[in-house]
Structure formats: C-alpha cells, structure tokens
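Listing of entry_22.cif; format and content: mmCIF, C-alpha atoms and all ligand atoms.
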```cif
data_protein
loop_
_atom_site.label_atom_id
_atom_site.label_comp_id
_atom_site.auth_asym_id
_atom_site.auth_seq_id
_atom_site.Cartn_x
_atom_site.Cartn_y
_atom_site.Cartn_z
CA MET I 108 279.27 98.52 24.56
CA ARG I 109 277.79 95.59 26.48
CA GLY I 110 280.99 94.81 28.40
CA ASP I 111 281.08 98.26 30.04
CA SER I 112 277.97 97.92 32.18
CA ALA I 113 277.42 95.78 35.26
CA GLU I 114 273.81 95.12 34.24
CA TYR I 115 274.89 92.94 31.31
CA ALA I 116 276.49 89.50 31.25
CA PRO I 117 280.25 89.69 30.58
CA LEU I 118 281.26 89.78 26.93
CA ARG I 119 282.57 86.38 25.82
CA ILE I 120 285.63 86.67 23.59
CA LEU I 121 287.45 83.94 21.66
CA ASP I 122 290.95 84.67 20.32
CA LEU I 123 291.80 82.05 17.69
CA GLY I 124 295.54 81.51 17.18
CA THR I 125 296.30 83.55 20.27
CA GLY I 126 300.10 83.13 20.01
CA SER I 127 301.59 85.42 22.66
CA GLY I 128 298.07 86.39 23.81
CA CYS I 129 298.61 89.99 22.69
CA ILE I 130 295.14 90.50 21.16
CA LEU I 131 293.32 88.81 24.05
CA GLY I 132 295.37 90.81 26.55
CA ALA I 133 294.59 94.09 24.79
CA LEU I 134 290.86 93.34 24.64
CA LEU I 135 290.58 92.23 28.26
CA SER I 136 292.51 95.33 29.34
CA GLU I 137 290.10 97.59 27.47
CA LEU I 138 286.95 95.69 28.46
CA PRO I 139 287.18 95.17 32.22
CA GLN I 140 284.07 93.00 32.42
CA ALA I 141 284.88 90.74 29.49
CA GLN I 142 286.23 87.22 29.72
CA GLY I 143 288.07 85.36 27.02
CA ILE I 144 289.57 82.16 25.73
CA GLY I 145 292.93 82.12 23.98
CA LEU I 146 293.12 79.13 21.64
CA ASP I 147 296.19 77.88 19.82
CA ARG I 148 297.49 74.63 18.32
CA SER I 149 300.89 75.25 19.89
CA GLU I 150 301.38 74.42 23.59
CA ALA I 151 304.56 76.52 23.54
CA ALA I 152 302.60 79.55 22.36
CA LEU I 153 299.94 78.96 25.01
CA ALA I 154 302.59 78.87 27.76
CA VAL I 155 303.77 82.33 26.61
CA ALA I 156 300.18 83.61 26.43
CA ARG I 157 299.43 82.34 29.95
CA ASP I 158 302.53 84.09 31.31
CA ASN I 159 301.70 87.33 29.50
CA LEU I 160 298.09 87.45 30.69
CA SER I 161 299.27 86.76 34.25
CA LEU I 162 301.86 89.55 34.00
CA LEU I 163 299.01 91.85 32.97
CA GLY I 164 296.92 90.70 35.95
CA LEU I 165 294.25 89.32 33.61
CA GLN I 166 294.57 85.63 34.48
CA ASP I 167 291.21 85.44 36.26
CA ARG I 168 289.32 86.43 33.11
CA ALA I 169 291.38 84.39 30.63
CA SER I 170 291.44 80.68 29.92
CA PHE I 171 293.39 78.75 27.33
CA LEU I 172 292.75 75.86 25.01
CA CYS I 173 295.06 73.83 22.80
CA ALA I 174 293.15 72.81 19.66
CA HIS I 175 293.06 72.80 15.86
CA TRP I 176 290.95 75.93 15.34
CA MET I 177 287.45 75.32 16.69
CA SER I 178 287.50 71.52 16.74
CA ALA I 179 287.26 71.53 20.55
CA ILE I 180 284.63 74.26 20.87
CA ALA I 181 281.11 72.92 21.26
CA GLY I 182 278.36 75.51 20.87
CA GLY I 183 279.68 78.90 21.75
CA ALA I 184 277.43 81.95 21.72
CA PHE I 185 280.57 84.11 21.71
CA ASP I 186 280.06 87.86 21.46
CA VAL I 187 283.38 88.47 19.74
CA ILE I 188 285.75 86.18 17.83
CA VAL I 189 289.10 87.63 16.79
CA CYS I 190 291.74 85.89 14.74
CA ASN I 191 295.10 86.73 13.24
CA PRO I 192 295.68 83.42 11.41
CA PRO I 193 298.71 82.29 9.45
CA TYR I 194 298.20 83.96 6.05
CA ILE I 195 301.49 83.86 4.17
CA ALA I 196 301.75 81.74 1.00
CA PRO I 197 304.82 79.43 1.04
CA SER I 198 306.27 81.24 -2.00
CA GLU I 199 306.24 84.50 0.01
CA ILE I 200 307.67 83.07 3.24
CA ARG I 201 311.11 83.04 1.58
CA GLU I 202 310.79 86.79 0.94
CA LEU I 203 309.87 87.79 4.49
CA ALA I 204 312.21 89.97 6.54
CA PRO I 205 314.82 87.76 8.26
CA GLU I 206 313.57 88.70 11.73
CA VAL I 207 310.16 87.20 10.83
CA ARG I 208 311.32 84.28 8.65
CA ALA I 209 314.01 83.13 11.06
CA TYR I 210 312.15 83.53 14.34
CA ASP I 211 308.38 83.13 13.81
CA PRO I 212 307.33 79.46 13.92
CA TYR I 213 306.27 78.09 10.51
CA LEU I 214 302.89 77.21 12.06
CA ALA I 215 302.33 80.93 12.67
CA LEU I 216 303.03 81.87 9.05
CA ASP I 217 301.94 79.17 6.58
CA GLY I 218 298.54 80.00 5.11
CA GLY I 219 298.61 77.34 2.40
CA GLU I 220 298.91 77.73 -1.39
CA ASP I 221 297.20 81.15 -1.64
CA GLY I 222 297.57 82.16 2.01
CA LEU I 223 293.82 81.91 2.62
CA ASN I 224 293.35 78.34 3.90
CA ALA I 225 292.79 79.28 7.55
CA TYR I 226 290.05 81.77 6.61
CA ARG I 227 288.17 79.10 4.63
CA THR I 228 288.26 76.77 7.63
CA ILE I 229 287.49 79.34 10.30
CA ILE I 230 284.66 81.37 8.71
CA PRO I 231 281.92 78.67 8.90
CA GLN I 232 283.17 77.49 12.32
CA ALA I 233 283.21 81.01 13.75
CA PHE I 234 279.79 81.72 12.28
CA ALA I 235 278.38 78.71 14.15
CA ALA I 236 280.00 79.76 17.42
CA LEU I 237 278.91 83.42 17.41
CA ARG I 238 275.66 84.61 18.90
CA GLY I 239 273.37 86.58 16.58
CA GLY I 240 274.80 90.10 16.47
CA GLY I 241 278.25 88.79 17.46
CA LEU I 242 281.37 90.21 15.81
CA LEU I 243 284.07 88.39 13.82
CA VAL I 244 287.33 90.26 13.15
CA PHE I 245 290.29 88.93 11.16
CA GLU I 246 293.70 90.39 10.59
CA VAL I 247 294.57 89.92 6.91
CA GLY I 248 297.71 90.13 4.77
CA TYR I 249 298.26 93.46 3.01
CA ARG I 250 296.74 92.27 -0.30
CA GLN I 251 294.09 89.93 1.11
CA ALA I 252 291.31 92.17 2.44
CA GLY I 253 289.10 91.94 -0.67
CA ASP I 254 289.56 88.17 -0.91
CA VAL I 255 288.71 87.64 2.77
CA LEU I 256 285.66 89.88 2.44
CA ASN I 257 284.48 87.63 -0.42
CA LEU I 258 285.19 84.48 1.61
CA MET I 259 282.97 85.90 4.39
CA LYS I 260 280.12 85.88 1.87
CA LEU I 261 280.95 82.52 0.27
CA PHE I 262 281.77 80.42 3.34
CA ALA I 263 279.19 81.59 5.88
CA PRO I 264 275.94 79.61 5.92
CA ALA I 265 272.58 81.46 5.83
CA PRO I 266 271.65 83.96 7.18
CA GLY I 267 275.26 85.03 6.76
CA PHE I 268 277.15 88.08 7.95
CA SER I 269 276.12 91.71 7.66
CA GLU I 270 278.08 94.94 7.90
CA ALA I 271 281.18 93.24 6.44
CA ARG I 272 283.88 95.84 6.08
CA ILE I 273 287.58 96.39 5.56
CA LEU I 274 289.42 98.26 8.31
CA ARG I 275 292.51 100.22 7.23
CA ASP I 276 295.74 100.95 9.07
CA LEU I 277 297.21 104.45 9.38
CA GLY I 278 298.80 104.03 5.94
CA GLY I 279 295.40 103.35 4.39
CA VAL I 280 296.14 99.65 3.82
CA GLY I 281 293.29 97.21 4.50
CA ARG I 282 294.66 95.05 7.31
CA ALA I 283 291.51 93.77 9.03
CA VAL I 284 288.09 92.52 7.96
CA ALA I 285 285.12 92.62 10.33
CA ALA I 286 281.51 91.43 10.06
CA VAL I 287 278.47 90.85 12.25
CA ARG I 288 276.65 87.49 12.40
CA GLN I 289 273.02 87.88 11.42
CA SER I 290 270.46 86.23 13.70
C1 LIG I 301 300.09 84.93 12.89
S1 LIG I 301 300.16 84.11 14.45
C2 LIG I 301 299.17 85.22 15.45
C3 LIG I 301 299.61 85.29 16.88
C4 LIG I 301 298.92 86.40 17.70
N1 LIG I 301 297.48 86.24 17.75
C5 LIG I 301 299.25 87.76 17.11
O1 LIG I 301 298.37 88.42 16.56
O2 LIG I 301 300.44 88.18 17.18
C6 LIG I 301 299.06 82.72 14.15
C7 LIG I 301 298.85 81.79 15.35
O3 LIG I 301 297.93 80.75 14.94
C8 LIG I 301 298.36 79.53 15.52
N2 LIG I 301 297.82 78.43 14.68
C9 LIG I 301 298.28 78.01 13.49
N3 LIG I 301 297.53 77.00 13.03
C10 LIG I 301 296.58 76.77 13.97
C11 LIG I 301 295.52 75.83 14.08
N4 LIG I 301 295.28 74.94 13.12
N5 LIG I 301 294.72 75.89 15.18
C12 LIG I 301 294.95 76.80 16.15
N6 LIG I 301 295.96 77.72 16.12
C13 LIG I 301 296.77 77.69 15.03
C14 LIG I 301 299.89 79.61 15.52
O4 LIG I 301 300.45 78.73 16.46
C15 LIG I 301 300.09 81.10 15.87
O5 LIG I 301 300.21 81.28 17.26
#
```

Reformat the file's structure so that it appears as structure tokens.
Ligand SMILES: C[S@@+](CC[C@H](N)C(=O)[O-])C[C@H]1O[C@@H](n2cnc3c(N)ncnc32)[C@H](O)[C@@H]1O
Amino acid sequence: MRGDSAEYAPLRILDLGTGSGCILGALLSELPQAQGIGLDRSEAALAVARDNLSLLGLQDRASFLCAHWMSAIAGGAFDVIVCNPPYIAPSEIRELAPEVRAYDPYLALDGGEDGLNAYRTIIPQAFAALRGGGLLVFEVGYRQAGDVLNLMKLFAPAPGFSEARILRDLGGVGRAVAAVRQS
C-alpha cells in the first residue's frame, strides 16, 4: 500500500458527503501517512466532522470543504475517493426506522426518484479527479449494488474503470461497489 512507506508521496483521499467524518477518520487512522479532504454540502455536518477528526488527533492531515459534490474541486489526482451518498428513494424514506427517519437530515437520505441520482452525478466527476490507478468506493443501498456497478460502466468516460466489483457485508449483502480508474 503506497501510504505505508515513507518513500512514497502521501495518499490523497477525498471523502464525498463526509457527514460526521467517520469514513475519513477511519481511513486516516489506518493510513498514517495519508491526508484527506472531507467534503459536504452541509456546514453543520462539517462542524461535526472537524470536531471528530480533532478528537481523533487527525486534524493535521484532514481539511474540509463545503460544496455541492465536486463543483469546487479543480483537477485532483486523488488516489482514493470514497462516498456514502444519499441513496434512499423518497417513497422509501417513509418506511425507514424512526431513529433514522426522525434524526438523519433529509439531505443525507434523499437519493432522488430511484435513489441513484448522486451516483450519476458523482461517477464522471470522480473519474476526472482520480489519478490513473486510483480507487473509487461507494456505499450503496441494500438492493442497489448491481445498478451502481452498471452506472460505473455507463457514466465513466473512456478509458473507464476496471476491476469493478461488489463488496459484501458479513450477511452476504452487497453494500459497497469499488473500481479502479484506468490510465
Ligand atoms: C448518507 S450521509 C453519509 C455521511 C457519512 N459519510 C457516513 O458514511 O456516515 C450523506 C452525506 O452527503 C451529504 N450530501 C448530500 N448532498 C450533497 C451534495 N450535493 N454535495 C455534498 N454533500 C452532500 C449530506 O449532507 C450527508 O452528510
């Protein structure tokens, strides 16, 4: 892993929709030479993420950006882009457990008509901001893995992604999709 050796430049990580900063915090904890940006449209979420990364002692390797997805990112050459976007269709938000429906901000849940809007927006943007060989990883809803895998093929410009795969949780449910940007 490039981030483990002092002879390499630090891994550059972008966490889209960072929310509480939990994914960025976990990655920076595991990869002591990596640095990362937590991006969110919500200033309130970013304030929580800043506090959490400071509590973890990771503030020197983390920075934060308030933006609509990648509208404020010019260029990039990120090594890793991770994203757990809003992916719930409005018809399903009503059926969520009360502790999610009543407390998670709507902005964190609403994925548009079929739940997949954020993926359609982010895939071409993330492709452009990854270096060749860079990794894109999405969390997906429990029935969305196949659809998101297809969107990775449809929405990435040439040369596209390779090694696209579904990652399963301990119950065998596809809950993440990962792919590598081809050079
Ligand atoms: C499902 S939450 C994920 C939070 C955190 N990363 C996690 O895994 O627990 C989605 C996050 O995306 C953010 N978000 C929603 N729309 C966005 C947009 N257009 N641009 C940037 N962030 C957005 C929300 O504010 C929320 O923090």

Once 8 Å is added on each side, what are the centre and the three edge lengths, in Å to one decimal, of the axis-aligned box enclosing the listed atoms of ligand LIG 301 (chain I)? Present them as JSON.
```
{"center_x": 297.6, "center_y": 81.7, "center_z": 15.3, "size_x": 21.7, "size_y": 29.5, "size_z": 20.9}
```

### Query
Which residues sit within 7 Å of ligand LIG 301 (chain I), counting only C-alpha atoms and all ligand atoms, listed as a ChimeraX atom specification?
/I:123-130,146-149,152,174-176,190-193,214-216

### Task
Pick out the residues sitting within 12 Å of Leu237 of chain I, and hand them over as a list in words; count all atoms listed in the file, and ignore anything fewer than 6 positions along from it in its own chain.
Leu118, Arg119, Ile120, Leu121, Met177, Ile180, Ala181, Gly182, Gly183, Ala184, Phe185, Asp186, Val187, Ile188, Val189, Ile229, Ile230, Pro231, Leu243, Val244, Ala263, Gly267, Phe268, Ala286, Val287, Arg288, Gln289 and Ser290 of chain I

### Query
If we count only C-alpha atoms, what is near Asn159 of chain I at a cut-off of 8 Å, once residues fewer than 2 positions away on the same chain are taken out, given as a PyMOL selection string?
chain I and resi 127-129+132+155-157+161-163

### Query
With distances taken over only C-alpha atoms, which of I:Gly281, I:Pro117, I:Pro266, I:Pro197 is nearest to Phe234 of chain I?
I:Pro266

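The residue that comes closest to Ala233 of chain I, out of I:Leu203, I:Phe245, I:Gly279, I:Gln251 and on the basis of only C-alpha atoms, is I:Phe245.
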
### Query
If you measure from atom CA of Pro264 of chain I to atom CA of Ala235 of chain I, what distance in Å do you get, rounded to one decimal?
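Distance between the two atoms: 8.6 Å.
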